[in-house]
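Chemist: So here's my_file17.cif (mmCIF, C-alpha atoms).
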```cif
data_final
#
loop_
_atom_site.label_atom_id
_atom_site.label_comp_id
_atom_site.auth_asym_id
_atom_site.auth_seq_id
_atom_site.Cartn_x
_atom_site.Cartn_y
_atom_site.Cartn_z
CA MET A 1 20.89 -10.79 45.36
CA LYS A 2 18.48 -7.87 45.04
CA ASP A 3 21.28 -5.32 45.41
CA GLU A 4 23.47 -7.12 42.94
CA LEU A 5 20.73 -7.32 40.34
CA VAL A 6 19.81 -3.64 40.76
CA LYS A 7 23.48 -2.72 40.50
CA ALA A 8 23.92 -4.79 37.35
CA LEU A 9 20.80 -3.27 35.75
CA LYS A 10 21.93 0.26 36.63
CA GLU A 11 25.37 -0.39 35.29
CA ALA A 12 24.02 -1.74 32.02
CA LEU A 13 21.82 1.33 31.57
CA GLU A 14 24.41 3.89 32.66
CA SER A 15 27.23 2.52 30.56
CA GLY A 16 24.99 2.59 27.49
CA LYS A 17 25.35 -1.15 26.92
CA ALA A 18 21.57 -1.31 27.10
CA SER A 19 18.99 1.37 26.42
CA ALA A 20 16.19 -0.45 28.20
CA ALA A 21 15.87 -3.10 30.84
CA ILE A 22 13.15 -5.40 32.05
CA MET A 23 12.44 -5.86 35.70
CA LEU A 24 9.74 -7.74 37.56
CA THR A 25 7.63 -6.19 40.27
CA GLU A 26 5.06 -7.74 42.50
CA LYS A 27 1.62 -6.21 42.81
CA ASP A 28 -1.27 -7.78 44.71
CA GLY A 29 0.59 -11.06 44.76
CA GLU A 30 0.99 -11.14 40.96
CA LEU A 31 4.23 -10.68 39.11
CA MET A 32 4.32 -8.08 36.39
CA PRO A 33 7.04 -6.86 34.10
CA ARG A 34 8.19 -3.27 33.85
CA ILE A 35 10.43 -1.50 31.38
CA ILE A 36 13.15 0.70 32.81
CA THR A 37 15.04 3.15 30.60
CA ASP A 38 16.64 5.35 33.25
CA ALA A 39 19.20 4.12 35.76
CA GLY A 40 17.81 6.54 38.36
CA ASP A 41 14.27 5.18 38.12
CA PRO A 42 12.87 4.82 41.66
CA ALA A 43 10.88 1.76 40.53
CA LEU A 44 14.12 -0.22 40.77
CA ASP A 45 13.65 -0.29 44.53
CA SER A 46 10.56 -2.47 44.16
CA ILE A 47 12.28 -5.08 41.97
CA TYR A 48 11.18 -8.67 42.58
CA THR A 49 13.97 -11.16 43.11
CA GLY A 50 12.05 -14.05 44.62
CA ASP A 51 11.78 -17.64 43.56
CA ARG A 52 8.85 -17.34 41.16
CA ARG A 53 9.56 -17.54 37.47
CA TYR A 54 8.30 -15.53 34.53
CA PRO A 55 8.81 -16.23 30.79
CA MET A 56 11.46 -13.55 30.25
CA ALA A 57 12.38 -14.78 26.75
CA SER A 58 8.98 -13.56 25.52
CA PHE A 59 9.97 -9.98 26.31
CA ALA A 60 13.13 -10.30 24.28
CA MET A 61 11.01 -11.38 21.32
CA MET A 62 8.51 -8.58 21.82
CA LEU A 63 10.81 -5.70 22.67
CA VAL A 64 14.04 -6.15 20.75
CA PRO A 65 12.44 -5.31 17.37
CA VAL A 66 10.75 -2.15 18.69
CA ILE A 67 13.39 -0.52 20.88
CA GLU A 68 16.53 1.29 19.86
CA GLY A 69 19.72 -0.07 21.32
CA ASN A 70 20.08 -3.14 23.45
CA LEU A 71 17.83 -4.72 26.03
CA ALA A 72 19.06 -5.78 29.45
CA LEU A 73 17.26 -8.92 30.52
CA PRO A 74 17.58 -10.87 33.77
CA VAL A 75 17.43 -14.54 32.85
CA ARG A 76 17.40 -17.86 34.60
CA GLU A 77 19.08 -20.85 33.02
CA CYS A 78 15.84 -22.02 31.37
CA ASP A 79 15.31 -18.54 29.88
CA ARG A 80 18.80 -18.66 28.45
CA ARG A 81 18.11 -22.01 26.79
CA MET A 82 14.91 -20.59 25.32
CA LEU A 83 16.87 -17.70 23.84
CA VAL A 84 19.30 -20.17 22.27
CA GLU A 85 16.34 -21.95 20.64
CA LEU A 86 14.64 -18.70 19.60
CA LYS A 87 17.83 -17.54 17.93
CA LYS A 88 17.96 -20.75 15.90
CA HIS A 89 14.44 -19.99 14.70
CA ASN A 90 15.34 -16.37 13.88
CA GLN A 91 12.88 -15.03 16.43
CA VAL A 92 15.23 -12.82 18.38
CA ASP A 93 18.53 -11.06 17.78
CA THR A 94 20.49 -12.23 20.80
CA ASP A 95 23.37 -9.87 19.92
CA ARG A 96 21.14 -7.06 21.09
CA LEU A 97 20.51 -8.61 24.49
CA VAL A 98 22.50 -7.95 27.63
CA LEU A 99 21.84 -11.05 29.69
CA LEU A 100 22.08 -10.82 33.46
CA GLY A 101 22.18 -14.35 34.80
CA ILE A 102 20.06 -15.06 37.84
CA PRO A 103 21.14 -18.16 39.71
CA CYS A 104 18.43 -20.51 40.88
CA SER A 105 18.71 -21.36 44.53
CA GLN A 106 18.72 -24.99 45.55
CA GLU A 107 15.05 -24.71 46.57
CA VAL A 108 13.98 -23.43 43.15
CA ALA A 109 16.02 -26.05 41.35
CA ASP A 110 14.54 -28.80 43.51
CA ALA A 111 11.00 -27.51 43.09
CA CYS A 112 11.42 -27.42 39.30
CA GLY A 113 13.22 -30.74 39.10
CA CYS A 114 15.60 -28.88 36.83
CA ASP A 115 17.91 -30.82 34.52
CA HIS A 116 20.39 -27.96 34.24
CA PRO A 117 20.61 -25.81 37.37
CA PHE A 118 22.41 -22.54 36.86
CA THR A 119 26.11 -22.54 37.38
CA ALA A 120 27.22 -19.89 34.93
CA ASN A 121 28.13 -16.21 35.10
CA GLY A 122 26.18 -13.21 36.30
CA ILE A 123 24.92 -12.48 39.74
CA SER A 124 26.23 -15.11 42.05
CA VAL A 125 24.27 -15.64 45.19
CA ALA A 126 24.26 -19.23 46.42
CA PRO A 127 23.45 -20.96 43.15
CA ALA A 128 22.25 -24.51 43.18
CA THR A 129 25.15 -26.91 43.46
CA ALA A 130 23.57 -30.30 43.93
CA LYS A 131 21.77 -31.66 40.92
CA PRO A 132 18.09 -31.88 41.84
CA ALA A 133 16.25 -35.15 41.49
CA VAL A 134 14.18 -35.12 38.32
CA PRO A 135 10.61 -36.02 39.29
CA SER A 136 9.67 -39.51 38.18
CA PRO A 137 6.94 -39.70 35.51
CA PRO A 138 3.43 -40.83 36.46
CA PRO A 139 3.56 -44.66 36.45
CA GLU A 140 0.66 -45.01 33.98
CA SER A 141 2.42 -42.85 31.40
CA VAL A 142 5.36 -45.27 31.20
CA SER A 143 3.28 -48.42 31.64
CA GLU A 144 4.16 -51.44 29.51
CA ASP A 145 0.51 -51.78 28.50
CA PRO A 146 -0.32 -49.41 25.62
CA ASP A 147 -4.00 -49.36 26.59
CA LYS A 148 -3.11 -48.07 30.04
CA ARG A 149 -0.90 -45.38 28.55
CA LEU A 150 -3.62 -44.28 26.18
CA ALA A 151 -6.24 -44.31 28.93
CA PHE A 152 -3.98 -42.24 31.16
CA TRP A 153 -3.40 -39.59 28.53
CA MET A 154 -6.98 -39.47 27.29
CA ASP A 155 -8.15 -39.06 30.87
CA ALA A 156 -5.66 -36.25 31.44
CA PHE A 157 -6.56 -34.53 28.16
CA SER A 158 -10.27 -34.78 28.83
CA ARG A 159 -9.80 -32.45 31.80
CA CYS A 160 -8.63 -29.69 29.47
CA ILE A 161 -10.71 -26.51 29.61
CA LYS A 162 -9.02 -25.04 26.54
CA CYS A 163 -7.70 -21.99 28.34
CA MET A 164 -4.73 -21.89 25.95
CA GLY A 165 -2.50 -21.15 28.93
CA CYS A 166 0.13 -23.68 27.87
CA ARG A 167 0.44 -22.02 24.48
CA ASN A 168 0.35 -18.46 25.77
CA VAL A 169 2.92 -18.87 28.51
CA CYS A 170 5.37 -20.72 26.29
CA PRO A 171 7.99 -18.52 24.61
CA MET A 172 8.69 -21.38 22.20
CA CYS A 173 5.14 -21.11 20.82
CA PHE A 174 5.95 -18.24 18.53
CA CYS A 175 4.17 -19.16 15.27
CA ASN A 176 2.04 -16.34 13.91
CA ASP A 177 -0.54 -18.76 12.58
CA CYS A 178 -1.13 -21.29 15.31
CA ALA A 179 -2.41 -24.72 14.34
CA LEU A 180 -4.52 -24.71 17.48
CA ASP A 181 -6.50 -21.80 16.00
CA ASN A 182 -6.91 -23.62 12.70
CA LEU A 183 -10.46 -24.89 12.39
CA ASP A 184 -9.27 -27.68 10.10
CA TYR A 185 -7.47 -29.26 13.04
CA VAL A 186 -9.33 -28.17 16.15
CA SER A 187 -13.02 -27.31 16.10
CA VAL A 188 -13.89 -24.09 17.84
CA GLU A 189 -17.01 -25.06 19.72
CA SER A 190 -15.99 -28.13 21.73
CA LYS A 191 -14.86 -28.17 25.35
CA PRO A 192 -12.93 -30.22 26.20
CA PRO A 193 -11.22 -29.57 22.90
CA ASP A 194 -10.75 -32.29 20.32
CA ILE A 195 -8.58 -34.79 22.12
CA PRO A 196 -5.95 -35.98 21.66
CA ILE A 197 -5.12 -33.82 18.62
CA PHE A 198 -5.26 -30.55 20.56
CA HIS A 199 -2.47 -31.61 22.89
CA LEU A 200 -0.54 -33.72 20.40
CA ILE A 201 -0.17 -30.82 17.97
CA ARG A 202 1.75 -28.99 20.64
CA ALA A 203 3.64 -32.14 21.60
CA VAL A 204 4.83 -32.59 18.02
CA ASP A 205 5.99 -28.98 17.86
CA MET A 206 7.69 -29.18 21.23
CA ALA A 207 9.63 -32.31 20.29
CA ASP A 208 12.54 -30.26 18.96
CA ARG A 209 11.86 -26.98 20.75
CA CYS A 210 10.88 -27.58 24.36
CA VAL A 211 13.63 -26.63 26.80
CA ASP A 212 11.83 -28.33 29.71
CA CYS A 213 11.22 -25.20 31.79
CA GLY A 214 7.94 -26.63 33.09
CA MET A 215 5.98 -23.39 33.05
CA CYS A 216 3.18 -24.95 31.00
CA GLU A 217 2.51 -27.53 33.67
CA ALA A 218 2.81 -24.96 36.44
CA ILE A 219 0.20 -22.75 34.78
CA CYS A 220 -2.23 -25.50 33.74
CA PRO A 221 -5.45 -25.15 35.77
CA ALA A 222 -6.48 -28.73 34.91
CA GLU A 223 -3.19 -30.20 36.13
CA ILE A 224 -2.51 -32.06 32.92
CA PRO A 225 1.00 -33.56 33.12
CA LEU A 226 2.17 -31.51 30.14
CA ARG A 227 5.78 -31.56 31.15
CA GLN A 228 5.82 -35.33 31.01
CA LEU A 229 4.14 -35.19 27.58
CA TYR A 230 6.76 -32.84 26.16
CA ARG A 231 9.54 -34.74 27.88
CA GLN A 232 8.41 -37.87 26.07
CA ALA A 233 8.42 -35.94 22.81
CA ARG A 234 11.88 -34.54 23.55
CA ASN A 235 13.16 -37.99 24.39
CA VAL A 236 12.03 -39.29 21.00
CA VAL A 237 14.14 -36.68 19.22
CA LYS A 238 17.02 -37.13 21.64
CA GLU A 239 17.12 -40.89 21.19
CA ALA A 240 16.69 -40.75 17.43
CA TYR A 241 18.99 -37.86 16.56
CA GLY A 242 20.88 -36.96 19.74
CA TYR A 243 19.42 -33.47 19.56
CA GLU A 244 18.54 -31.55 22.71
CA PRO A 245 16.77 -28.21 22.30
CA GLY A 246 18.51 -25.30 23.97
CA ILE A 247 21.69 -27.29 24.50
CA SER A 248 22.69 -28.56 21.06
CA GLU A 249 24.38 -25.85 19.02
CA GLU A 250 23.12 -26.97 15.61
CA LYS A 251 19.65 -26.47 14.20
CA SER A 252 16.93 -29.04 14.72
CA PRO A 253 17.40 -32.13 12.51
CA ILE A 254 13.69 -32.54 11.82
CA GLU A 255 13.19 -29.00 10.56
CA MET A 256 15.89 -29.21 7.95
CA LEU A 257 16.10 -31.12 4.73
CA GLY A 258 17.77 -34.42 5.30
CA ASP A 259 21.25 -35.38 4.28
CA PRO A 260 21.90 -38.93 3.12
CA THR A 261 24.38 -39.53 5.91
CA GLU A 262 21.79 -38.75 8.56
CA LEU A 263 19.56 -41.62 7.52
CA ALA A 264 21.62 -44.26 9.29
CA GLY A 265 19.56 -46.06 11.89
CA LEU A 266 16.18 -45.30 10.34
CA SER A 267 13.86 -48.22 10.14
CA MET B 1 -27.30 -34.57 -10.81
CA GLU B 2 -28.59 -33.74 -7.36
CA ASP B 3 -29.93 -37.25 -6.93
CA THR B 4 -26.55 -38.85 -7.53
CA LEU B 5 -24.93 -36.52 -5.03
CA GLU B 6 -27.45 -37.43 -2.38
CA THR B 7 -27.08 -41.14 -2.90
CA THR B 8 -23.29 -41.00 -2.59
CA GLU B 9 -23.59 -39.03 0.62
CA GLU B 10 -26.07 -41.47 2.06
CA LYS B 11 -23.89 -44.42 1.21
CA LYS B 12 -20.83 -43.08 3.00
CA PRO B 13 -21.81 -43.94 6.61
CA GLU B 14 -22.83 -47.42 5.51
CA ALA B 15 -19.34 -48.03 4.18
CA GLY B 16 -17.92 -47.66 7.71
CA ALA B 17 -20.33 -50.20 9.16
CA GLU B 18 -20.10 -52.12 12.44
CA ASP B 19 -17.96 -54.94 11.10
CA LYS B 20 -14.77 -55.28 13.10
CA GLU B 21 -12.87 -56.42 10.06
CA ASP B 22 -13.84 -53.27 8.25
CA VAL B 23 -10.93 -51.02 9.04
CA ARG B 24 -10.38 -47.69 7.35
CA ILE B 25 -6.91 -46.81 6.16
CA LEU B 26 -5.64 -43.50 4.88
CA ALA B 27 -2.77 -43.64 2.41
CA PHE B 28 -0.73 -40.57 1.55
CA LEU B 29 0.81 -41.25 -1.85
CA CYS B 30 3.51 -39.18 -3.47
CA ASN B 31 2.49 -37.83 -6.84
CA TRP B 32 5.59 -38.90 -8.72
CA CYS B 33 6.18 -42.46 -7.55
CA SER B 34 3.62 -44.14 -5.33
CA TYR B 35 0.53 -42.67 -6.94
CA ALA B 36 1.86 -43.78 -10.31
CA GLY B 37 2.64 -47.15 -8.71
CA ALA B 38 -0.98 -47.37 -7.55
CA ASP B 39 -2.04 -46.46 -11.07
CA LEU B 40 0.09 -49.25 -12.45
CA ALA B 41 -1.42 -51.70 -9.97
CA GLY B 42 -4.81 -50.56 -11.27
CA VAL B 43 -4.12 -50.92 -14.97
CA SER B 44 -2.39 -54.24 -14.29
CA ARG B 45 -5.64 -55.36 -12.61
CA LEU B 46 -3.88 -56.39 -9.41
CA GLN B 47 -6.29 -57.15 -6.60
CA TYR B 48 -5.93 -55.51 -3.19
CA PRO B 49 -8.25 -54.80 -0.24
CA PRO B 50 -10.70 -51.92 -0.65
CA ASN B 51 -10.12 -50.44 2.81
CA VAL B 52 -7.67 -47.82 1.63
CA VAL B 53 -8.49 -44.22 0.83
CA ASP B 54 -5.73 -42.54 -1.16
CA ILE B 55 -4.67 -38.96 -0.82
CA ARG B 56 -2.30 -37.70 -3.47
CA VAL B 57 0.34 -35.27 -2.24
CA MET B 58 3.03 -33.67 -4.37
CA CYS B 59 5.78 -35.03 -2.16
CA THR B 60 5.77 -37.04 1.07
CA GLY B 61 7.91 -34.22 2.47
CA THR B 62 4.82 -32.00 2.44
CA ILE B 63 2.98 -34.27 4.87
CA SER B 64 2.76 -32.40 8.13
CA PRO B 65 2.67 -34.48 11.32
CA TYR B 66 -0.62 -32.68 11.94
CA PHE B 67 -2.17 -34.58 9.01
CA ILE B 68 -1.42 -37.87 10.70
CA LEU B 69 -2.81 -36.62 14.01
CA LYS B 70 -5.92 -35.38 12.22
CA ALA B 71 -6.41 -38.76 10.55
CA PHE B 72 -6.35 -40.55 13.91
CA GLN B 73 -8.54 -37.85 15.42
CA GLU B 74 -11.18 -38.55 12.78
CA GLY B 75 -11.16 -42.24 13.60
CA ILE B 76 -8.93 -43.62 10.87
CA ASP B 77 -7.50 -47.00 11.89
CA GLY B 78 -4.20 -46.88 10.04
CA VAL B 79 -2.07 -44.38 8.16
CA LEU B 80 0.24 -45.38 5.34
CA ILE B 81 2.75 -43.03 3.81
CA ALA B 82 4.28 -44.10 0.52
CA GLY B 83 6.82 -42.14 -1.47
CA CYS B 84 9.74 -42.41 -3.84
CA HIS B 85 12.70 -44.55 -2.92
CA ILE B 86 15.49 -42.78 -1.08
CA GLY B 87 17.56 -40.97 -3.66
CA ASP B 88 14.76 -40.90 -6.22
CA CYS B 89 12.78 -37.97 -4.82
CA HIS B 90 11.49 -35.68 -7.55
CA TYR B 91 12.46 -32.73 -5.37
CA GLY B 92 15.83 -34.08 -4.29
CA LYS B 93 15.55 -34.70 -0.56
CA GLY B 94 11.86 -34.57 0.30
CA ASN B 95 11.68 -38.19 1.38
CA TYR B 96 14.68 -37.84 3.71
CA MET B 97 12.61 -35.21 5.47
CA THR B 98 9.66 -37.58 5.63
CA ALA B 99 11.77 -40.39 7.04
CA LYS B 100 13.12 -38.20 9.82
CA ARG B 101 9.76 -36.75 10.76
CA PHE B 102 7.99 -40.09 10.49
CA ARG B 103 10.23 -41.62 13.10
CA VAL B 104 9.45 -38.81 15.53
CA ILE B 105 5.69 -38.91 15.04
CA LYS B 106 5.59 -42.68 15.18
CA ASP B 107 7.65 -42.96 18.36
CA LEU B 108 5.59 -40.19 19.93
CA LEU B 109 2.27 -41.87 19.12
CA VAL B 110 3.53 -45.26 20.27
CA GLY B 111 4.63 -43.62 23.52
CA MET B 112 1.09 -42.32 23.92
CA GLY B 113 -0.27 -45.84 23.57
CA ILE B 114 -1.20 -46.00 19.88
CA ASP B 115 -0.49 -49.40 18.33
CA PRO B 116 2.70 -49.23 16.22
CA ARG B 117 0.99 -51.42 13.61
CA ARG B 118 -1.23 -48.49 12.66
CA LEU B 119 1.55 -46.48 11.06
CA ARG B 120 3.77 -47.42 8.19
CA LEU B 121 6.20 -45.74 5.84
CA GLU B 122 6.99 -47.44 2.54
CA TRP B 123 8.93 -46.58 -0.58
CA VAL B 124 7.03 -47.55 -3.75
CA SER B 125 8.27 -46.45 -7.14
CA ALA B 126 6.16 -45.84 -10.27
CA ALA B 127 7.25 -49.21 -11.68
CA GLU B 128 6.29 -51.19 -8.60
CA GLY B 129 2.60 -51.91 -9.05
CA GLN B 130 3.22 -55.36 -7.64
CA LYS B 131 4.88 -53.93 -4.56
CA PHE B 132 2.00 -51.49 -4.09
CA GLN B 133 -0.41 -54.40 -4.05
CA GLU B 134 1.73 -56.28 -1.53
CA VAL B 135 2.12 -53.24 0.71
CA ILE B 136 -1.60 -52.49 0.77
CA THR B 137 -2.46 -56.14 1.39
CA SER B 138 0.01 -56.64 4.21
CA PHE B 139 -0.73 -53.27 5.79
CA THR B 140 -4.47 -53.93 5.74
CA GLU B 141 -3.90 -57.27 7.45
CA GLN B 142 -1.62 -55.59 9.95
CA VAL B 143 -4.23 -52.94 10.79
CA LYS B 144 -6.99 -55.55 10.98
CA ALA B 145 -4.87 -57.43 13.51
CA ALA B 146 -4.62 -54.22 15.53
CA GLY B 147 -8.39 -53.78 15.28
CA LYS B 148 -10.48 -50.64 15.26
CA SER B 149 -8.75 -47.52 16.50
CA PRO B 150 -9.49 -46.76 20.17
CA LEU B 151 -9.68 -43.09 19.22
CA ALA B 152 -12.59 -43.81 16.87
CA LYS B 153 -14.75 -44.63 19.88
CA ALA B 154 -13.87 -41.33 21.50
CA LYS B 155 -14.94 -39.61 18.32
CA VAL B 156 -18.29 -41.42 18.21
CA LYS B 157 -18.95 -40.68 21.87
CA LYS B 158 -18.62 -36.96 21.26
#
```
Once more with this new file: its structure as C-alpha cells, please.
Modeler:
Amino acid sequence: MKDELVKALKEALESGKASAAIMLTEKDGELMPRIITDAGDPALDSIYTGDRRYPMASFAMMLVPVIEGNLALPVRECDRRMLVELKKHNQVDTDRLVLLGIPCSQEVADACGCDHPFTANGISVAPATAKPAVPSPPPESVSEDPDKRLAFWMDAFSRCIKCMGCRNVCPMCFCNDCALDNLDYVSVESKPPDIPIFHLIRAVDMADRCVDCGMCEAICPAEIPLRQLYRQARNVVKEAYGYEPGISEEKSPIEMLGDPTELAGLS
Amino acid sequence: MEDTLETTEEKKPEAGAEDKEDVRILAFLCNWCSYAGADLAGVSRLQYPPNVVDIRVMCTGTISPYFILKAFQEGIDGVLIAGCHIGDCHYGKGNYMTAKRFRVIKDLLVGMGIDPRRLRLEWVSAAEGQKFQEVITSFTEQVKAAGKSPLAKAKVKK
C-alpha cells in the first residue's frame, strides 16, 4: 500500500495533473501533514500509511485557494463524503483536487463502525469487504423515559472542558463566525460551558452536514458520546426528508427555501 | 426616570416566582401576521394568560434554531412560533423554511429528552385575534401540564 500510494503521488506530480500533494508523516508518535511539490522529494520515503486517520478535507479547503494548479490528496471514504458536502457549501473547488482513494482495511472499518467502508477506485490493497457492525448507542440515550435521556446527555455534557476539539477537528465546521464564539449564545467564562446549548448548537448544524466520520468523538478528551449525538441529529433529517449528508446529491433541504411540494408530511 | 427604571428591574425576578403554575413562555411572532393577530386580540379585549413574552420578528423564517436553544438555556418553559399561514408569507416562502427547520429542531430536542409539549408552531393570520387567544390559552395549559423546564434548574444551580 505504501509503494502504491507513493507511486500514485509521484505520478500525479510528474504528469502535471497536480502541482502539490499532501502526505502524512509520523513524528514522535504524532501524525503531521506535509506538502510535496516535487516528485523526487526524499520525504516521500517517510510517508505514513497506517490505520490512523487525519481530517484531510481540511487541507483541501485551506490549500486549494492558495496554490496554483491542482492538489493531490489521499482520501479515505469519509474524507470523500466530506468533500462532497463541502462542495455543496461552496467551500472547496473539487475540480481542482486529484483524489487518491485509500481503502480502509477491515480492522479500521470495524474500529470506526463505518457505515460506508471503502470499495471504490484508487489504491487497492485489501479493502474492507464485510460491512462492519455499527456500534449500538448507549442504552440511556435511546431510553423510552425522556428524563433518563435528558439526564444522560446533561451528565455527558457536564464533563465538557471546552477544549473546542470537536469543532477544530471537524472539516464540516467551516463557518467564519462560529456561534460557539458568540457571547450571546455561549458565555466565555464558564467551564463546563453553558450546557446543553454549547453542544446542541453543533448538533443542529451537524444535522444536515455530519458525514459520521467519528473524529470528534475520537478526539474528545472528556469522552462525550458526540457521534451518537450527531447521529441522532442526522437521523432526524434522514427520517423527515430522506437526506443523508455526503451521500445525497442534492443540497440540504433545511438550508434552502422551501417548495410547496416538500411540505407533505409536516405536522 | 431613574426610579421607575429601578422599580421595573426589581420587579422582574418576582414575576418568575416559585409557583409551579407560573410557567414562562417565549413567543416568536411574525411581524406581518401573528403580531398583528396579537394586536387584534388586544384591541378586541380578548383575555389570555399572562405567561407569554412576545418577540416580534420580521418573518418566522429568520428564527435561527439557536434562538430556540438559547430560550431553553435561559430557563424558558415553552417556545411558541407563530407566523403567516402557508402561502401567505409576506416574503413568499419564509414560513416553508420555518416549518422544515422546526421539525428538525423539535425532533432533535425531543430525542434529547425535552418534553414535546414545550414547542409549538402555529399559523395565525392578522385577522385571527380569536385564534391567537385560543393558541396562547391552549399552549399555556399544555406547558403547565409539562411543568417547569428541567433546564431551568440547571441554570439556577450555576
Chemist: With distances taken over all atoms listed in the file, which residue among B:Thr137, B:Ser34, B:Gln73, B:Gln142 lies nearest chain A?
Modeler: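 Among the listed residues, B:Gln73 lies closest to chain A.
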Chemist: Residues of chain B within 9 Å of chain A, using all atoms listed in the file, as a ChimeraX atom specification?
Modeler: /B:65-67,69-70,72-73,86-87,93-101,103-105,107-115,150-151,154-155
Chemist: The PyMOL selection byres ((chain A and resi 173) around 10) - which residues does that actually catch in the file I just gave you? List them as a PyMOL selection string.
Modeler: chain A and resi 58+86+166-172+174-176+178+202+205-206+209-210
Chemist: Write out as a compact mmCIF listing (two decimals) with C-alpha atoms, in the frame of the given file which residues come within 8 Å of Gln130 of chain B when counting all atoms listed in the file, dropping same-chain ones fewer than 2 positions away.
Modeler:
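What ended up in result.txt:
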```txt
# COMPACT_ATOMS: atom_id res chain seq x y z
CA ALA B 41 -1.42 -51.70 -9.97
CA LEU B 46 -3.88 -56.39 -9.41
CA GLU B 128 6.29 -51.19 -8.60
CA PHE B 132 2.00 -51.49 -4.09
CA GLN B 133 -0.41 -54.40 -4.05
CA GLU B 134 1.73 -56.28 -1.53
```
Chemist: Would you translate the PyMOL selection byres ((chain B and resi 127) around 9) into the concrete set of residues it matches in this file, as JSON, numbers by chain?
Modeler: {"B": [33, 34, 36, 37, 40, 124, 125, 126, 128, 129, 130, 131]}
Chemist: Under the PyMOL selection byres ((chain B and resi 49) around 10), which residues of this model are included? Write them out as a ChimeraX atom specification.
Modeler: /B:47-48,50-52,133,136-141
Chemist: Using atom CA of Tyr48 of chain A and atom CA of Leu31 of chain A as the two end points, give the distance in Å to one decimal.
Modeler: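 Computed distance, atom CA of Tyr48 of chain A to atom CA of Leu31 of chain A, equals 8.0 Å.
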Chemist: Which one is closest to Val23 of chain B: B:Trp123, B:Val79, B:Tyr91, B:Val43? Count all atoms listed in the file.
Modeler: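 The answer is B:Val79, which sits nearest to Val23 of chain B.
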Chemist: Give as an NGL selection string every residue, naming chains and numbers as the document does, that has an atom within 7 Å of (12.3, -21.8, 32.4), counting all atoms listed in the file.
Modeler: :A and (55 or 76-79 or 213-215)
Chemist: Store the residues of this selection in a file with C-alpha atoms, as a compact mmCIF listing (two decimals), in the frame of the given file.
Modeler:
```txt
# COMPACT_ATOMS: atom_id res chain seq x y z
CA PRO A 55 8.81 -16.23 30.79
CA ARG A 76 17.40 -17.86 34.60
CA GLU A 77 19.08 -20.85 33.02
CA CYS A 78 15.84 -22.02 31.37
CA ASP A 79 15.31 -18.54 29.88
CA CYS A 213 11.22 -25.20 31.79
CA GLY A 214 7.94 -26.63 33.09
CA MET A 215 5.98 -23.39 33.05
```
Chemist: If you measure from atom CA of Asp177 of chain A to atom CA of Met82 of chain A, what distance in Å do you get, rounded to one decimal?
Modeler: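 Distance between the two atoms: 20.1 Å.
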